[in-house]
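Okay, structure first, notes after.
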Amino acid sequence: MGQVIVITSGKGGVGKTTTTANLGAGLASHGHRVCLVDADIGLRNLDLLLGLENRIVYDLVDVANGYCKYKKALIKSKQFDNLFLLPAAQTKDKTAVRPDQMRDLCEELKQEFDYVLVDSPAGIEQGFQNAVAGAEKAIIVTTPEMAALRDADRVVGLLEAMDKERPMLIINRYRPGMVRKGDMLAIDDMLEILAIDLLGVVPEDEQIVVTTNRGEPAVLDKHSRAGEAYRNITRRLMGEQVPLMNLDDDDGILSRIKRVFGFGAR
Amino acid sequence: MLDLIAKVFGRESPSAEIAKERLRLVLVHDRSSVTPQFLERLKEDLIRVISEYMDIDTETMDVRLSQTEQHAALVASIPVRRVKRVAP
Ligand SMILES: Nc1ncnc2c1ncn2[C@@H]1O[C@H](COP(=O)(O)OP(=O)(O)O)[C@@H](O)[C@H]1O
Ligand SMILES: [Mg+2]
């Protein structure tokens, strides 16, 4: 029996969808059977990040409402035979699915998959309620900005009230250079403020844009810093103890050259 | 003072420090702003627990959240009619 993990944040544009795609591919690369559920109804994106946008026939709304079996709606990823996407509907809105339907669907998916990752929409309204309904665990994604952290705190409070397991935090788009200058909150400051457990830190990385353009998650790109961070987070999710990567080794030209040649802070 | 020194040397204080302090304050406020329903539920639970030990006047009792810039406190004023004899 697998586990259902929701990836959520409160604020939009902080990296939920990027994280879902990368952790999905990461877990699949270790041989786990993984299903990604795009719960951002009306704003379908996860298909693009996986390069699957042309293969969609049925979607989450069809499945949740019993119009078709989930197996018919699943799309196999390009990279792995054991990674599947259940796409969001693009022409409906959040009210097309109810939390109890999501709960039933997640129950069913858990029988078949080791990991079910649910990509949540922004906000704390029905779309969020749908996304968290069937999940026993939550990953909260934030960036080191005040508004994102404040919204993350709000979501932590809501999840607590629902009796979920303690949520885990991913800090995304971290820029060590700015932290050194004193212009970005440091990791410890954020953890102290939010008082939740850290799952990982993903540095700001242009490669994210490149890999998104190609429809291939950064976690599969050996030269991507964000990819390295996601590979570490994947292993932590699987229960391994993995130290934080060396984040200080950022944009310097030397460290870039080293990375290209396959040595350096890896 | 630190600000002044920073200004003299042509540097503002690091913005991350400002962000941290502002966030800390705003979260104290966010976390303590509760709905009337939440307070009502808390009040009912309080009545249930306290009633095991004493007779209280539930009509005139008052439970509210008091907030200042820095702190939040739960303030309850609960008139007691009679303390029950509970087995030690
Ligand atoms: N670590 C990163 N470095 C650089 N860009 C990033 C990073 N993470 C996310 N992005 C970019 O930020 C934008 C929002 O990401 P997305 O995953 O769609 O957020 P959300 O799903 O939370 O709305 C995208 O354009 C994405 O490419
Ligand atoms: Mg998204």
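Chains: A, B, ... in order of the structure tokens. Residues: from 1 per chain. Ligands: from 1, in order shown.
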For Gly2 in chain A, work out the shell of residues within 6 Å, counting only C-alpha atoms and skipping chain neighbours fewer than 5 positions away, then give it as a ChimeraX atom specification. /A:110,113-115
Select all residues from chain A having any atom no more than 6 Å from an atom of chain B (counting only C-alpha atoms, ignoring ligands), output as a list in words. Gly182, Asp183, Met184 and Leu185 of chain A
Store the residues picked out above in a file with N, CA, C and O atoms, as an mmCIF file, in the first residue's frame.
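That gives us selection.cif:
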```
data_model
loop_
_atom_site.group_PDB
_atom_site.id
_atom_site.type_symbol
_atom_site.label_atom_id
_atom_site.label_comp_id
_atom_site.auth_asym_id
_atom_site.auth_seq_id
_atom_site.Cartn_x
_atom_site.Cartn_y
_atom_site.Cartn_z
ATOM 1 N N GLY A 182 23.195 39.471 3.173
ATOM 2 C CA GLY A 182 22.204 39.864 4.177
ATOM 3 C C GLY A 182 20.895 40.319 3.567
ATOM 4 O O GLY A 182 20.087 40.969 4.223
ATOM 5 N N ASP A 183 20.665 39.987 2.313
ATOM 6 C CA ASP A 183 19.449 40.437 1.654
ATOM 7 C C ASP A 183 18.448 39.309 1.367
ATOM 8 O O ASP A 183 17.477 39.510 0.651
ATOM 9 N N MET A 184 18.726 38.132 1.904
ATOM 10 C CA MET A 184 17.730 37.058 1.802
ATOM 11 C C MET A 184 17.738 36.287 3.105
ATOM 12 O O MET A 184 18.808 36.068 3.697
ATOM 13 N N LEU A 185 16.561 35.907 3.562
ATOM 14 C CA LEU A 185 16.461 35.138 4.797
ATOM 15 C C LEU A 185 17.268 33.840 4.674
ATOM 16 O O LEU A 185 17.200 33.156 3.665
#
```
Tell me which of A:Val34, A:Ala195, A:Leu169, A:Val202 sits closest to ligand 1, counting only C-alpha atoms and all ligand atoms.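 Of the candidates, the smallest distance to ligand 1 is held by A:Val202.
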Can you tell me which residues come within 8 Å of ligand 1 when counting only C-alpha atoms and all ligand atoms, ideally as a PDB file with N, CA and C atoms, in the first residue's frame?
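Writing the result to result-v8.pdb gives the following:
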```pdb
ATOM      1  N   THR A   8       1.939  21.512  -1.632  1.00  0.00           N
ATOM      2  CA  THR A   8       1.098  22.705  -1.546  1.00  0.00           C
ATOM      3  C   THR A   8       1.904  23.892  -1.012  1.00  0.00           C
ATOM      4  N   SER A   9       1.281  25.089  -0.970  1.00  0.00           N
ATOM      5  CA  SER A   9       2.089  26.267  -0.613  1.00  0.00           C
ATOM      6  C   SER A   9       1.306  27.485  -0.126  1.00  0.00           C
ATOM      7  N   LYS A  11       0.807  30.298  -1.511  1.00  0.00           N
ATOM      8  CA  LYS A  11       1.104  31.263  -2.563  1.00  0.00           C
ATOM      9  C   LYS A  11       1.347  30.565  -3.905  1.00  0.00           C
ATOM     10  N   GLY A  12       1.022  31.243  -4.977  1.00  0.00           N
ATOM     11  CA  GLY A  12       1.253  30.702  -6.313  1.00  0.00           C
ATOM     12  C   GLY A  12       2.661  31.001  -6.805  1.00  0.00           C
ATOM     13  N   GLY A  13       3.110  30.231  -7.775  1.00  0.00           N
ATOM     14  CA  GLY A  13       4.372  30.516  -8.443  1.00  0.00           C
ATOM     15  C   GLY A  13       5.625  30.267  -7.638  1.00  0.00           C
ATOM     16  N   VAL A  14       5.531  29.459  -6.575  1.00  0.00           N
ATOM     17  CA  VAL A  14       6.710  29.219  -5.740  1.00  0.00           C
ATOM     18  C   VAL A  14       7.438  27.929  -6.108  1.00  0.00           C
ATOM     19  N   GLY A  15       6.807  27.094  -6.956  1.00  0.00           N
ATOM     20  CA  GLY A  15       7.498  25.878  -7.401  1.00  0.00           C
ATOM     21  C   GLY A  15       6.806  24.560  -7.050  1.00  0.00           C
ATOM     22  N   LYS A  16       5.527  24.593  -6.787  1.00  0.00           N
ATOM     23  CA  LYS A  16       4.806  23.347  -6.461  1.00  0.00           C
ATOM     24  C   LYS A  16       4.846  22.369  -7.630  1.00  0.00           C
ATOM     25  N   THR A  17       4.493  22.868  -8.819  1.00  0.00           N
ATOM     26  CA  THR A  17       4.410  21.978  -9.972  1.00  0.00           C
ATOM     27  C   THR A  17       5.796  21.464 -10.354  1.00  0.00           C
ATOM     28  N   THR A  18       6.783  22.357 -10.320  1.00  0.00           N
ATOM     29  CA  THR A  18       8.164  21.958 -10.589  1.00  0.00           C
ATOM     30  C   THR A  18       8.592  20.865  -9.616  1.00  0.00           C
ATOM     31  N   THR A  19       8.252  21.037  -8.356  1.00  0.00           N
ATOM     32  CA  THR A  19       8.627  20.068  -7.328  1.00  0.00           C
ATOM     33  C   THR A  19       7.922  18.728  -7.550  1.00  0.00           C
ATOM     34  N   THR A  20       6.632  18.777  -7.877  1.00  0.00           N
ATOM     35  CA  THR A  20       5.885  17.540  -8.104  1.00  0.00           C
ATOM     36  C   THR A  20       6.510  16.739  -9.247  1.00  0.00           C
ATOM     37  N   ASN A  45      -0.820  22.268 -15.824  1.00  0.00           N
ATOM     38  CA  ASN A  45       0.597  22.572 -16.073  1.00  0.00           C
ATOM     39  C   ASN A  45       1.530  21.381 -15.991  1.00  0.00           C
ATOM     40  N   ASP A 119      -0.386  17.522  -6.939  1.00  0.00           N
ATOM     41  CA  ASP A 119       0.043  18.913  -7.155  1.00  0.00           C
ATOM     42  C   ASP A 119      -1.142  19.830  -6.865  1.00  0.00           C
ATOM     43  N   SER A 120      -1.009  20.635  -5.818  1.00  0.00           N
ATOM     44  CA  SER A 120      -2.118  21.480  -5.366  1.00  0.00           C
ATOM     45  C   SER A 120      -2.131  22.828  -6.082  1.00  0.00           C
ATOM     46  N   PRO A 121      -3.303  23.399  -6.284  1.00  0.00           N
ATOM     47  CA  PRO A 121      -3.342  24.776  -6.791  1.00  0.00           C
ATOM     48  C   PRO A 121      -2.955  25.741  -5.668  1.00  0.00           C
ATOM     49  N   ALA A 122      -2.735  27.006  -6.028  1.00  0.00           N
ATOM     50  CA  ALA A 122      -2.473  28.022  -5.000  1.00  0.00           C
ATOM     51  C   ALA A 122      -3.772  28.283  -4.247  1.00  0.00           C
ATOM     52  N   VAL A 141       5.902  23.988  -0.094  1.00  0.00           N
ATOM     53  CA  VAL A 141       6.963  24.642  -0.854  1.00  0.00           C
ATOM     54  C   VAL A 141       6.881  26.143  -0.594  1.00  0.00           C
ATOM     55  N   ASN A 172      12.538  26.780  -1.913  1.00  0.00           N
ATOM     56  CA  ASN A 172      12.904  26.793  -3.330  1.00  0.00           C
ATOM     57  C   ASN A 172      13.450  28.168  -3.732  1.00  0.00           C
ATOM     58  N   ARG A 173      14.236  28.169  -4.783  1.00  0.00           N
ATOM     59  CA  ARG A 173      14.813  29.395  -5.355  1.00  0.00           C
ATOM     60  C   ARG A 173      15.718  30.126  -4.374  1.00  0.00           C
ATOM     61  N   TYR A 174      16.458  29.341  -3.618  1.00  0.00           N
ATOM     62  CA  TYR A 174      17.372  29.889  -2.619  1.00  0.00           C
ATOM     63  C   TYR A 174      18.607  30.461  -3.321  1.00  0.00           C
ATOM     64  N   VAL A 202      16.229  23.971  -2.492  1.00  0.00           N
ATOM     65  CA  VAL A 202      16.521  23.938  -3.924  1.00  0.00           C
ATOM     66  C   VAL A 202      17.021  25.316  -4.340  1.00  0.00           C
ATOM     67  N   PRO A 203      18.238  25.382  -4.882  1.00  0.00           N
ATOM     68  CA  PRO A 203      18.762  26.688  -5.268  1.00  0.00           C
ATOM     69  C   PRO A 203      18.063  27.242  -6.514  1.00  0.00           C
ATOM     70  N   GLU A 204      18.099  28.540  -6.644  1.00  0.00           N
ATOM     71  CA  GLU A 204      17.675  29.182  -7.891  1.00  0.00           C
ATOM     72  C   GLU A 204      18.561  28.617  -8.998  1.00  0.00           C
ATOM     73  N   ASP A 205      17.970  28.223 -10.104  1.00  0.00           N
ATOM     74  CA  ASP A 205      18.756  27.566 -11.141  1.00  0.00           C
ATOM     75  C   ASP A 205      18.116  27.790 -12.513  1.00  0.00           C
ATOM     76  N   GLU A 206      18.851  28.421 -13.408  1.00  0.00           N
ATOM     77  CA  GLU A 206      18.328  28.673 -14.765  1.00  0.00           C
ATOM     78  C   GLU A 206      17.982  27.377 -15.481  1.00  0.00           C
ATOM     79  N   GLN A 207      18.658  26.317 -15.116  1.00  0.00           N
ATOM     80  CA  GLN A 207      18.432  25.019 -15.756  1.00  0.00           C
ATOM     81  C   GLN A 207      16.973  24.576 -15.622  1.00  0.00           C
ATOM     82  N   ILE A 208      16.295  25.076 -14.568  1.00  0.00           N
ATOM     83  CA  ILE A 208      14.882  24.739 -14.377  1.00  0.00           C
ATOM     84  C   ILE A 208      14.079  25.209 -15.590  1.00  0.00           C
ATOM     85  N   VAL A 209      14.399  26.386 -16.075  1.00  0.00           N
ATOM     86  CA  VAL A 209      13.690  26.914 -17.246  1.00  0.00           C
ATOM     87  C   VAL A 209      13.993  26.055 -18.471  1.00  0.00           C
ATOM     88  N   THR A 212      12.354  22.666 -18.192  1.00  0.00           N
ATOM     89  CA  THR A 212      10.913  22.820 -18.380  1.00  0.00           C
ATOM     90  C   THR A 212      10.588  22.980 -19.862  1.00  0.00           C
ATOM     91  N   ALA A 226      19.678  22.487  -9.247  1.00  0.00           N
ATOM     92  CA  ALA A 226      18.352  22.204  -8.707  1.00  0.00           C
ATOM     93  C   ALA A 226      18.068  20.707  -8.807  1.00  0.00           C
TER      94      ALA A 226
END
```
Could you jot down the CA of Ile140 in chain A to CA of Tyr230 in chain A separation for me, Å, one decimal place? 14.4 Å
Atomic separation - CA of Arg166 in chain A relative to CA of Gln101 in chain A, Å: 23.8 Å
One decimal, in Å: what's the spacing between CA of Leu220 in chain A and CA of Ala73 in chain A?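 Answer for the CA of Leu220 in chain A to CA of Ala73 in chain A separation: 25.1 Å.
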Need to verify the contact set: range 39-48 of chain B, 8 Å, only C-alpha atoms, exclusion of same-chain residues closer than 3 positions in sequence. Can you return it as JSON, numbers by chain? {"B": [34, 35, 36, 51, 52, 56, 58, 63, 64]}
